[in-house]
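Next comes upload-v6.txt, a file with compact mmCIF, C-alpha atoms and all ligand atoms.
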# COMPACT_ATOMS: atom_id res chain seq x y z
CA MET F 641 9.89 26.46 -19.82
CA THR F 642 9.08 23.63 -17.44
CA GLY F 643 5.50 22.51 -16.81
CA THR F 644 3.39 22.79 -13.65
CA LEU F 645 2.21 19.95 -11.46
CA TYR F 646 -1.39 20.63 -10.40
CA VAL F 647 -2.66 18.66 -7.39
CA VAL F 648 -6.38 18.51 -8.13
CA ALA F 649 -9.09 17.56 -5.61
CA THR F 650 -12.03 15.67 -7.11
CA PRO F 651 -15.47 14.76 -5.66
CA ILE F 652 -15.87 12.21 -2.86
CA GLY F 653 -19.25 11.07 -4.11
CA ASN F 654 -21.21 13.87 -5.69
CA LEU F 655 -19.87 14.83 -9.12
CA ALA F 656 -21.37 18.30 -8.73
CA ASP F 657 -18.66 19.02 -6.16
CA SER F 658 -16.02 19.48 -8.88
CA SER F 659 -15.04 23.13 -8.82
CA PRO F 660 -15.14 25.02 -12.13
CA ARG F 661 -11.41 25.63 -11.72
CA SER F 662 -10.64 21.94 -11.22
CA ILE F 663 -12.47 21.17 -14.47
CA ASP F 664 -10.55 23.91 -16.31
CA VAL F 665 -7.24 22.58 -15.01
CA LEU F 666 -8.09 19.00 -15.96
CA ARG F 667 -9.28 20.14 -19.37
CA SER F 668 -6.11 22.06 -20.13
CA ALA F 669 -3.62 19.56 -18.66
CA ASP F 670 -1.34 17.74 -21.09
CA ILE F 671 -1.36 14.65 -18.89
CA ILE F 672 -3.69 13.57 -16.08
CA ALA F 673 -1.99 11.27 -13.58
CA CYS F 674 -4.71 9.11 -12.01
CA GLU F 675 -4.63 6.73 -9.07
CA ASP F 676 -6.83 4.49 -11.24
CA THR F 677 -7.48 5.58 -14.81
CA ARG F 678 -10.74 3.57 -14.95
CA THR F 679 -12.14 5.30 -11.85
CA SER F 680 -11.21 8.77 -13.06
CA ARG F 681 -12.71 8.05 -16.48
CA THR F 682 -16.21 8.51 -15.01
CA LEU F 683 -15.38 12.02 -13.83
CA LEU F 684 -13.49 12.94 -17.00
CA ALA F 685 -16.24 11.60 -19.27
CA HIS F 686 -18.84 13.50 -17.22
CA HIS F 687 -17.06 16.73 -18.15
CA GLY F 688 -16.15 15.63 -21.69
CA ILE F 689 -12.42 15.71 -20.92
CA ARG F 690 -10.26 13.57 -23.19
CA ALA F 691 -6.74 14.34 -21.98
CA ARG F 692 -4.04 11.66 -21.92
CA THR F 693 -4.20 9.71 -18.66
CA VAL F 694 -1.44 7.72 -16.96
CA ALA F 695 -1.68 5.58 -13.83
CA LEU F 696 0.15 6.69 -10.70
CA HIS F 697 -0.69 4.47 -7.77
CA ALA F 698 0.89 3.11 -4.61
CA HIS F 699 2.68 0.32 -6.51
CA ASN F 700 4.25 2.30 -9.35
CA GLU F 701 4.64 5.75 -7.86
CA SER F 702 8.41 5.94 -8.29
CA GLU F 703 8.69 4.66 -11.88
CA ALA F 704 5.53 6.40 -13.13
CA GLY F 705 6.70 9.45 -11.19
CA GLU F 706 10.00 9.46 -13.10
CA LYS F 707 8.17 9.61 -16.44
CA LEU F 708 5.89 12.40 -15.21
CA LEU F 709 8.87 14.39 -13.93
CA ARG F 710 10.49 14.07 -17.34
CA ALA F 711 7.31 15.34 -18.99
CA LEU F 712 7.17 18.25 -16.54
CA ARG F 713 10.81 19.12 -17.23
CA GLU F 714 10.03 19.12 -20.94
CA GLY F 715 7.21 21.61 -20.44
CA SER F 716 4.05 19.50 -20.08
CA ASN F 717 1.46 20.47 -17.48
CA VAL F 718 0.45 17.50 -15.34
CA ALA F 719 -2.74 17.27 -13.26
CA LEU F 720 -2.60 14.76 -10.43
CA VAL F 721 -5.89 13.22 -9.22
CA SER F 722 -6.76 10.34 -6.92
CA ASP F 723 -9.84 8.13 -6.97
CA ALA F 724 -11.70 10.58 -4.74
CA GLY F 725 -10.96 13.68 -2.73
CA THR F 726 -7.59 15.33 -2.36
CA PRO F 727 -4.50 13.52 -3.67
CA ALA F 728 -1.72 12.76 -1.16
CA ILE F 729 -4.21 12.66 1.74
CA SER F 730 -4.29 8.92 2.57
CA ASP F 731 -3.83 8.55 -1.19
CA PRO F 732 -0.86 8.38 -3.58
CA GLY F 733 0.79 11.53 -4.87
CA ALA F 734 3.06 12.80 -2.09
CA LEU F 735 6.18 11.15 -3.55
CA LEU F 736 5.66 12.82 -6.91
CA VAL F 737 4.98 16.17 -5.26
CA ALA F 738 8.13 15.84 -3.14
CA ALA F 739 10.22 14.94 -6.20
CA ALA F 740 8.79 17.92 -8.11
CA HIS F 741 9.82 20.24 -5.27
CA ARG F 742 13.31 18.72 -5.22
CA GLU F 743 13.66 19.56 -8.89
CA GLY F 744 12.40 23.09 -8.40
CA LEU F 745 9.27 22.47 -10.47
CA ARG F 746 6.13 24.47 -9.88
CA VAL F 747 3.50 22.69 -7.75
CA ILE F 748 0.02 24.21 -7.49
CA PRO F 749 -2.88 22.83 -5.44
CA VAL F 750 -6.42 23.00 -6.79
CA PRO F 751 -8.37 22.68 -3.53
CA GLY F 752 -11.68 20.91 -3.17
CA PRO F 753 -13.35 17.90 -1.55
CA ASN F 754 -11.71 16.04 1.30
CA ALA F 755 -13.60 13.57 3.51
CA ALA F 756 -11.76 14.48 6.72
CA ILE F 757 -12.37 18.22 6.44
CA ALA F 758 -15.96 17.75 5.28
CA ALA F 759 -16.69 15.49 8.27
CA TYR F 760 -14.92 17.82 10.70
CA SER F 761 -16.81 20.85 9.44
CA ALA F 762 -20.07 19.06 10.21
CA SER F 763 -18.95 17.58 13.55
CA GLY F 764 -19.68 20.57 15.76
CA PHE F 765 -16.51 20.15 17.81
CA VAL F 766 -15.43 23.51 19.12
CA ALA F 767 -11.64 23.33 19.25
CA GLU F 768 -8.56 25.37 18.45
CA SER F 769 -7.01 22.47 16.55
CA PHE F 770 -7.59 18.91 15.43
CA GLN F 771 -5.47 15.94 14.41
CA PHE F 772 -5.76 13.97 11.20
CA VAL F 773 -4.62 10.37 11.65
CA GLY F 774 -6.17 8.64 8.62
CA PHE F 775 -6.41 4.84 8.57
CA LEU F 776 -5.71 3.02 11.81
CA SER F 777 -5.73 -0.45 10.33
CA LYS F 778 -2.00 -0.97 10.11
CA ARG F 779 -1.35 0.37 13.57
CA LYS F 780 -0.79 -1.78 16.59
CA LYS F 781 -3.41 -1.71 19.30
CA HIS F 782 -1.14 0.10 21.75
CA SER F 783 -1.03 3.08 19.41
CA PHE F 784 -4.56 3.86 20.54
CA LYS F 785 -2.82 5.71 23.35
CA GLU F 786 -1.65 8.27 20.80
CA LEU F 787 -5.25 9.06 20.01
CA ASP F 788 -5.91 10.24 23.55
CA ALA F 789 -5.58 13.92 22.72
CA PRO F 790 -7.06 17.14 24.09
CA TRP F 791 -8.31 17.89 20.55
CA PRO F 792 -10.59 15.98 18.14
CA VAL F 793 -8.87 13.19 16.21
CA ILE F 794 -9.99 12.28 12.68
CA LEU F 795 -9.80 8.71 11.42
CA TYR F 796 -10.65 7.01 8.16
CA GLU F 797 -12.08 3.52 8.38
CA ALA F 798 -13.18 0.82 5.97
CA PRO F 799 -16.77 -0.45 6.34
CA HIS F 800 -15.75 -4.01 7.22
CA ARG F 801 -13.60 -2.77 10.11
CA VAL F 802 -15.70 0.10 11.44
CA LEU F 803 -17.50 -1.90 14.13
CA GLU F 804 -14.26 -3.46 15.36
CA THR F 805 -12.56 -0.05 15.50
CA VAL F 806 -15.46 1.54 17.34
CA ALA F 807 -15.45 -1.34 19.85
CA ALA F 808 -11.71 -0.80 20.41
CA LEU F 809 -12.24 2.96 20.85
CA LEU F 810 -14.96 2.23 23.41
CA GLU F 811 -12.67 -0.15 25.27
CA HIS F 812 -9.81 2.39 25.35
CA PHE F 813 -11.64 5.63 25.94
CA GLY F 814 -14.74 4.60 27.85
CA PRO F 815 -18.46 5.13 27.30
CA GLU F 816 -18.62 8.91 27.82
CA ARG F 817 -16.08 9.94 25.19
CA GLU F 818 -17.75 11.58 22.19
CA LEU F 819 -17.64 10.18 18.68
CA VAL F 820 -18.84 11.59 15.38
CA ILE F 821 -19.57 9.10 12.63
CA ALA F 822 -19.81 10.61 9.16
CA ARG F 823 -20.69 8.14 6.45
CA GLU F 824 -21.29 8.40 2.74
CA ILE F 825 -20.60 12.13 2.72
CA THR F 826 -22.22 13.84 -0.31
CA LYS F 827 -23.87 10.54 -1.31
CA LYS F 828 -27.42 9.23 -1.14
CA PHE F 829 -27.16 7.60 2.29
CA GLU F 830 -25.14 10.40 3.88
CA GLU F 831 -25.31 10.64 7.68
CA VAL F 832 -23.38 12.63 10.26
CA ALA F 833 -24.18 11.57 13.81
CA ARG F 834 -22.66 12.68 17.10
CA MET F 835 -22.95 10.37 20.07
CA ARG F 836 -21.28 8.91 23.17
CA LEU F 837 -18.93 6.03 22.39
CA ALA F 838 -21.26 3.83 24.45
CA ASP F 839 -24.00 4.40 21.86
CA ALA F 840 -21.85 3.91 18.76
CA PRO F 841 -22.06 0.08 18.39
CA GLY F 842 -25.86 0.31 18.66
CA TRP F 843 -25.96 3.08 16.07
CA LEU F 844 -23.85 1.03 13.67
CA ALA F 845 -26.15 -1.94 14.17
CA GLY F 846 -28.92 0.01 12.41
CA PRO F 847 -29.99 -1.13 8.94
CA HIS F 848 -27.26 -0.76 6.28
CA ARG F 849 -25.17 1.29 8.68
CA GLN F 850 -21.95 -0.66 8.15
CA VAL F 851 -21.99 -0.04 4.43
CA GLY F 852 -20.22 2.74 2.58
CA GLU F 853 -17.35 5.03 3.50
CA PHE F 854 -16.66 6.29 7.00
CA VAL F 855 -14.91 9.09 8.80
CA LEU F 856 -14.74 8.75 12.58
CA ILE F 857 -13.94 11.73 14.79
CA LEU F 858 -12.97 10.94 18.34
CA GLY F 859 -13.87 13.76 20.69
CA PRO F 860 -11.15 15.40 22.76
CA ARG F 861 -10.06 14.04 26.11
CA GLY F 862 -12.36 15.75 28.59
CA LYS F 863 -11.38 17.87 31.51
CA VAL F 864 -11.90 16.33 34.90
CA PRO F 865 -15.65 16.70 35.47
CA ALA F 866 -15.05 18.52 38.77
CA GLU F 867 -13.15 21.18 36.86
CA PHE F 868 -16.06 21.66 34.50
CA ALA F 869 -18.53 21.88 37.35
CA GLU F 870 -16.37 24.55 38.97
CA GLY F 871 -16.14 26.42 35.66
CA GLU F 872 -19.91 26.40 35.34
CA ARG F 873 -20.37 27.53 38.96
CA VAL F 874 -17.96 30.48 38.59
CA LEU F 875 -19.48 31.36 35.21
CA GLY F 876 -22.96 31.45 36.75
CA ILE F 877 -21.86 33.99 39.37
CA LEU F 878 -19.90 36.18 36.96
CA GLN F 879 -22.63 36.18 34.37
CA GLN F 880 -24.95 37.97 36.77
CA ALA F 881 -22.58 40.93 36.73
CA MET F 882 -21.16 41.06 33.20
CA PRO F 883 -21.78 40.09 29.56
CA ALA F 884 -21.37 36.45 28.48
CA SER F 885 -18.05 36.94 26.67
CA GLU F 886 -16.36 38.64 29.63
CA ALA F 887 -17.81 36.17 32.12
CA ALA F 888 -16.54 33.24 30.03
CA LYS F 889 -13.09 34.81 29.70
CA LEU F 890 -12.75 35.42 33.41
CA ALA F 891 -14.21 32.06 34.45
CA ALA F 892 -11.75 30.34 32.08
CA LYS F 893 -8.86 32.20 33.71
CA ILE F 894 -10.00 31.27 37.21
CA THR F 895 -10.86 27.61 36.60
CA GLY F 896 -8.78 26.51 33.58
CA VAL F 897 -11.85 25.32 31.66
CA PRO F 898 -11.52 26.36 27.95
CA ARG F 899 -13.03 29.78 27.30
CA LYS F 900 -14.84 28.60 24.17
CA GLU F 901 -16.73 25.93 26.09
CA LEU F 902 -17.68 28.37 28.83
CA TYR F 903 -18.73 30.93 26.25
CA ALA F 904 -21.00 28.38 24.55
CA SER F 905 -22.46 27.58 27.93
CA ALA F 906 -22.90 31.30 28.78
CA ILE F 907 -24.74 31.89 25.50
CA ALA F 908 -27.01 28.94 26.20
CA ARG F 909 -27.75 30.36 29.67
CA ASP F 910 -28.50 33.78 28.16
CA ARG F 911 -30.93 32.17 25.73
CA GLN F 912 -32.51 30.17 28.51
CA GLY F 913 -32.90 33.34 30.59
CA SER F 914 -34.49 35.35 27.80
CA LYS F 915 -37.21 32.73 27.12
N1 LIG M 1001 -7.94 11.44 -0.44
C1 LIG M 1001 -9.24 11.18 0.12
C2 LIG M 1001 -9.78 12.47 0.78
O1 LIG M 1001 -9.34 13.55 0.40
O2 LIG M 1001 -10.63 12.40 1.64
C3 LIG M 1001 -9.21 10.01 1.07
C4 LIG M 1001 -8.84 8.73 0.39
S1 LIG M 1001 -8.82 7.35 1.44
C5 LIG M 1001 -8.08 6.15 0.41
C6 LIG M 1001 -10.47 6.80 1.42
C7 LIG M 1001 -11.14 6.95 2.77
O3 LIG M 1001 -11.62 8.28 2.92
C8 LIG M 1001 -12.39 6.08 2.93
O4 LIG M 1001 -12.04 4.78 3.37
C9 LIG M 1001 -13.16 6.83 4.00
O5 LIG M 1001 -12.61 6.61 5.27
C10 LIG M 1001 -12.85 8.29 3.58
N2 LIG M 1001 -13.88 8.75 2.63
C11 LIG M 1001 -13.73 8.99 1.32
N3 LIG M 1001 -14.88 9.40 0.77
C12 LIG M 1001 -15.78 9.41 1.77
C13 LIG M 1001 -17.18 9.75 1.84
N4 LIG M 1001 -17.86 10.14 0.77
N5 LIG M 1001 -17.79 9.66 3.05
C14 LIG M 1001 -17.12 9.27 4.14
N6 LIG M 1001 -15.81 8.95 4.12
C15 LIG M 1001 -15.15 9.01 2.96

Kindly return the structure encoded in the file as structure tokens.
Amino acid sequence: MTGTLYVVATPIGNLADSSPRSIDVLRSADIIACEDTRTSRTLLAHHGIRARTVALHAHNESEAGEKLLRALREGSNVALVSDAGTPAISDPGALLVAAAHREGLRVIPVPGPNAAIAAYSASGFVAESFQFVGFLSKRKKHSFKELDAPWPVILYEAPHRVLETVAALLEHFGPERELVIAREITKKFEEVARMRLADAPGWLAGPHRQVGEFVLILGPRGKVPAEFAEGERVLGILQQAMPASEAAKLAAKITGVPRKELYASAIARDRQGSK
């Protein structure tokens, strides 16, 4: 019998975010592969877990991976964790997971905290899809063009670069583009703020605002304002004759403005009208 590779999400700040299942899996694993064994020790000690730990990080992933694969083949269960959040998401682990699949070994995710998803869930963007880009730092400036999407785009950024990145976003996408800044999620100084790009440098200039961990979510490329205005005008007429959902659907068909946005607007009008 071969072992199972469990890909285990761990907290991104608040230790209480460990799921009961993640603790069970860590407790029963034969080996815990950690991005940094010292960092994971805090979490493991918190739950009284004393399993054998090995380091699996960006610089030793292939050789450490080989040893872990051998252990898996011999029947050991291995739990893979990173310093925080979900392994293999802007963190080591994907190479080991890929190798395990190549060998036909069982790979099981143990879902839980992830900074990108947590930030997106609290962003309030209403969209069919979103894009996760991760760290921009190694990208050339011209790749900012790739961020100009009709859906929200999620970035990770280090505190010492956040102001520079926000300034570059402002330069590329202009003052009206929306930005959500989520910092220190689940921690003491947690903040999620939605603003125009024009206001972001000022927001970051606030006390202690450039400290901690950041997720940035660039709002989607807007429709041409005239299109929106037309959508609103048509919606206003239709809404006098039919319910909000139908009016939004029809106005979206006529004007090309996304139905969800028109629906949100129709609901707001309804509320306004009933006051
Ligand atoms: N694997 C992790 C995950 O699932 O989110 C991401 C690891 S990546 C090396 C670390 C980056 O994630 C940080 O630089 C920051 O951009 C983001 N991040 C992690 N924890 C965060 C938190 N508590 N609040 C805001 N951003 C966070």

Using only C-alpha atoms and all ligand atoms, which protein or nucleic acid residues are at most 8 Å from ligand LIG 1001 (chain M), as a short mmCIF file (atom, residue, chain, number, x, y, z; two decimals) with C-alpha atoms, in the coordinates of the input?
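Output file result.cif follows:
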data_model
loop_
_atom_site.label_atom_id
_atom_site.label_comp_id
_atom_site.auth_asym_id
_atom_site.auth_seq_id
_atom_site.Cartn_x
_atom_site.Cartn_y
_atom_site.Cartn_z
CA ALA F 649 -9.09 17.56 -5.61
CA ILE F 652 -15.87 12.21 -2.86
CA GLY F 653 -19.25 11.07 -4.11
CA SER F 722 -6.76 10.34 -6.92
CA ASP F 723 -9.84 8.13 -6.97
CA ALA F 724 -11.70 10.58 -4.74
CA GLY F 725 -10.96 13.68 -2.73
CA THR F 726 -7.59 15.33 -2.36
CA PRO F 727 -4.50 13.52 -3.67
CA ALA F 728 -1.72 12.76 -1.16
CA ILE F 729 -4.21 12.66 1.74
CA SER F 730 -4.29 8.92 2.57
CA ASP F 731 -3.83 8.55 -1.19
CA PRO F 753 -13.35 17.90 -1.55
CA ASN F 754 -11.71 16.04 1.30
CA ALA F 755 -13.60 13.57 3.51
CA ALA F 756 -11.76 14.48 6.72
CA ILE F 757 -12.37 18.22 6.44
CA ALA F 759 -16.69 15.49 8.27
CA GLY F 774 -6.17 8.64 8.62
CA PHE F 775 -6.41 4.84 8.57
CA LEU F 795 -9.80 8.71 11.42
CA TYR F 796 -10.65 7.01 8.16
CA GLU F 797 -12.08 3.52 8.38
CA ALA F 798 -13.18 0.82 5.97
CA PRO F 799 -16.77 -0.45 6.34
CA ALA F 822 -19.81 10.61 9.16
CA ARG F 823 -20.69 8.14 6.45
CA GLU F 824 -21.29 8.40 2.74
CA ILE F 825 -20.60 12.13 2.72
CA THR F 826 -22.22 13.84 -0.31
CA LYS F 827 -23.87 10.54 -1.31
CA GLU F 830 -25.14 10.40 3.88
CA GLY F 852 -20.22 2.74 2.58
CA GLU F 853 -17.35 5.03 3.50
CA PHE F 854 -16.66 6.29 7.00
CA VAL F 855 -14.91 9.09 8.80
CA LEU F 856 -14.74 8.75 12.58
#

Worksheet item: Between F:Val721, F:Met641, F:Val694, F:Leu709, which has the minimum distance to Ala738 in chain F (counting all atoms listed in the file)?
Response: F:Leu709

Worksheet item: Pick the closest to Pro651 in chain F from F:Gly876, F:Pro751, F:Ala691, F:Phe770: which is it, counting all atoms listed in the file?
Response: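 For Pro651 in chain F, the nearest of the given residues is F:Pro751.
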
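Checking F:Pro790, F:Glu706, F:Ala656, F:Val648 one by one against Leu720 in chain F, counting only C-alpha atoms, you find the shortest gap at F:Val648.
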
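Distances to Val737 in chain F were evaluated for F:Gln771, F:Ser702, F:Thr650, F:Ser885 using all atoms listed in the file, and the minimum falls at F:Ser702.
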
Discussion item. Restricting the calculation to all atoms listed in the file: of F:Glu786, F:Pro883, F:Ser763, F:His848, which residue gets closest to Val832 in chain F?
Written reply: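 Closest residue, counting all atoms listed in the file: F:Ser763.
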
Fill in: Top pick for closest residue to Val793 in chain F, considering F:Val820, F:Val806, F:Ile857, F:Ile907 and counting all atoms listed in the file
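Result for the nearest residue to Val793 in chain F: F:Ile857.
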
Worksheet item: Any idea what the distance is between CA of Leu902 in chain F and CA of Gly871 in chain F?
Response: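 Calculated distance between CA of Leu902 in chain F and CA of Gly871 in chain F is 7.3 Å.
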
Item to complete: Quote the spacing between CA of Phe772 in chain F and CA of Phe784 in chain F in Å to one decimal place.
Response: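 Computed distance, CA of Phe772 in chain F to CA of Phe784 in chain F, equals 13.8 Å.
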
Fill in: Residues within 10 Å of (-16.7, 19.2, 17.4), counting only C-alpha atoms, listed as a list in words
Ala759, Tyr760, Ser761, Ala762, Ser763, Gly764, Phe765, Val766, Ala767, Phe770, Trp791, Pro792, Val793, Glu818, Leu819, Val820, Arg834, Ile857, Leu858, Gly859 and Pro860 of chain F

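You will find CA of Trp843 in chain F at 21.8 Å from CA of Arg861 in chain F.
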
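The list of residues with at least one atom within 12 Å of Lys707 in chain F, based on all atoms listed in the file and without residues fewer than 3 positions apart in the same chain, reads Ile671, Ala673, Val694, Ala695, Leu696, Asn700, Glu701, Ser702, Glu703, Ala704, Arg710, Ala711, Leu712, Arg713, Glu714, Ser716, Val718, Leu736, Ala739 and Ala740 of chain F.
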
Fill in: Who sits within 9 Å of Pro815 in chain F, only C-alpha atoms, same chain under 2 positions skipped, as a list of chain:residue names
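After dropping sequence-adjacent residues, the list is F:Leu810, F:Glu811, F:Phe813, F:Arg817, F:Glu818, F:Arg836, F:Leu837, F:Ala838, F:Asp839.
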
Item to complete: Pull the neighbourhood of (-22.3, 34.7, 24.8) for me: all residues within 9 Å in file coordinates, counting all atoms listed in the file, as a list in words.
Response: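 Result, sorted by chain then residue number: Pro883, Ala884, Ser885, Glu886, Ala887, Ala888, Leu902, Tyr903, Ala904, Ser905, Ala906, Ile907, Ala908, Arg909 and Asp910 of chain F.
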
Completed range 740-755 of chain F (N, CA and C atoms) as a PDB file, in the frame of the given file:
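Now in part_32.pdb:
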ATOM      1  N   ALA F 740       8.937  16.680  -7.326  1.00  0.00           N
ATOM      2  CA  ALA F 740       8.790  17.920  -8.110  1.00  0.00           C
ATOM      3  C   ALA F 740       9.417  19.099  -7.363  1.00  0.00           C
ATOM      4  N   HIS F 741       9.205  19.155  -6.048  1.00  0.00           N
ATOM      5  CA  HIS F 741       9.820  20.240  -5.270  1.00  0.00           C
ATOM      6  C   HIS F 741      11.346  20.146  -5.315  1.00  0.00           C
ATOM      7  N   ARG F 742      11.842  18.896  -5.183  1.00  0.00           N
ATOM      8  CA  ARG F 742      13.310  18.720  -5.220  1.00  0.00           C
ATOM      9  C   ARG F 742      13.899  19.248  -6.517  1.00  0.00           C
ATOM     10  N   GLU F 743      13.146  19.107  -7.581  1.00  0.00           N
ATOM     11  CA  GLU F 743      13.660  19.560  -8.890  1.00  0.00           C
ATOM     12  C   GLU F 743      13.330  21.016  -9.172  1.00  0.00           C
ATOM     13  N   GLY F 744      12.720  21.677  -8.221  1.00  0.00           N
ATOM     14  CA  GLY F 744      12.400  23.090  -8.400  1.00  0.00           C
ATOM     15  C   GLY F 744      11.250  23.333  -9.356  1.00  0.00           C
ATOM     16  N   LEU F 745      10.420  22.297  -9.563  1.00  0.00           N
ATOM     17  CA  LEU F 745       9.270  22.470 -10.470  1.00  0.00           C
ATOM     18  C   LEU F 745       8.126  23.145  -9.728  1.00  0.00           C
ATOM     19  N   ARG F 746       7.244  23.742 -10.483  1.00  0.00           N
ATOM     20  CA  ARG F 746       6.130  24.470  -9.880  1.00  0.00           C
ATOM     21  C   ARG F 746       5.021  23.486  -9.481  1.00  0.00           C
ATOM     22  N   VAL F 747       4.585  23.560  -8.232  1.00  0.00           N
ATOM     23  CA  VAL F 747       3.500  22.690  -7.750  1.00  0.00           C
ATOM     24  C   VAL F 747       2.357  23.583  -7.277  1.00  0.00           C
ATOM     25  N   ILE F 748       1.174  23.358  -7.823  1.00  0.00           N
ATOM     26  CA  ILE F 748       0.020  24.210  -7.490  1.00  0.00           C
ATOM     27  C   ILE F 748      -1.155  23.329  -7.040  1.00  0.00           C
ATOM     28  N   PRO F 749      -1.707  23.597  -5.852  1.00  0.00           N
ATOM     29  CA  PRO F 749      -2.880  22.830  -5.440  1.00  0.00           C
ATOM     30  C   PRO F 749      -4.155  23.413  -6.042  1.00  0.00           C
ATOM     31  N   VAL F 750      -5.086  22.544  -6.375  1.00  0.00           N
ATOM     32  CA  VAL F 750      -6.420  23.000  -6.790  1.00  0.00           C
ATOM     33  C   VAL F 750      -7.365  22.424  -5.730  1.00  0.00           C
ATOM     34  N   PRO F 751      -7.669  23.215  -4.705  1.00  0.00           N
ATOM     35  CA  PRO F 751      -8.370  22.680  -3.530  1.00  0.00           C
ATOM     36  C   PRO F 751      -9.806  22.281  -3.819  1.00  0.00           C
ATOM     37  N   GLY F 752     -10.304  21.380  -2.989  1.00  0.00           N
ATOM     38  CA  GLY F 752     -11.680  20.910  -3.170  1.00  0.00           C
ATOM     39  C   GLY F 752     -12.008  19.840  -2.153  1.00  0.00           C
ATOM     40  N   PRO F 753     -12.850  18.856  -2.520  1.00  0.00           N
ATOM     41  CA  PRO F 753     -13.350  17.900  -1.550  1.00  0.00           C
ATOM     42  C   PRO F 753     -12.257  17.111  -0.807  1.00  0.00           C
ATOM     43  N   ASN F 754     -12.542  16.890   0.451  1.00  0.00           N
ATOM     44  CA  ASN F 754     -11.710  16.040   1.300  1.00  0.00           C
ATOM     45  C   ASN F 754     -12.627  15.509   2.405  1.00  0.00           C
ATOM     46  N   ALA F 755     -12.641  14.183   2.576  1.00  0.00           N
ATOM     47  CA  ALA F 755     -13.600  13.570   3.510  1.00  0.00           C
ATOM     48  C   ALA F 755     -13.346  14.020   4.950  1.00  0.00           C
TER      49      ALA F 755
END
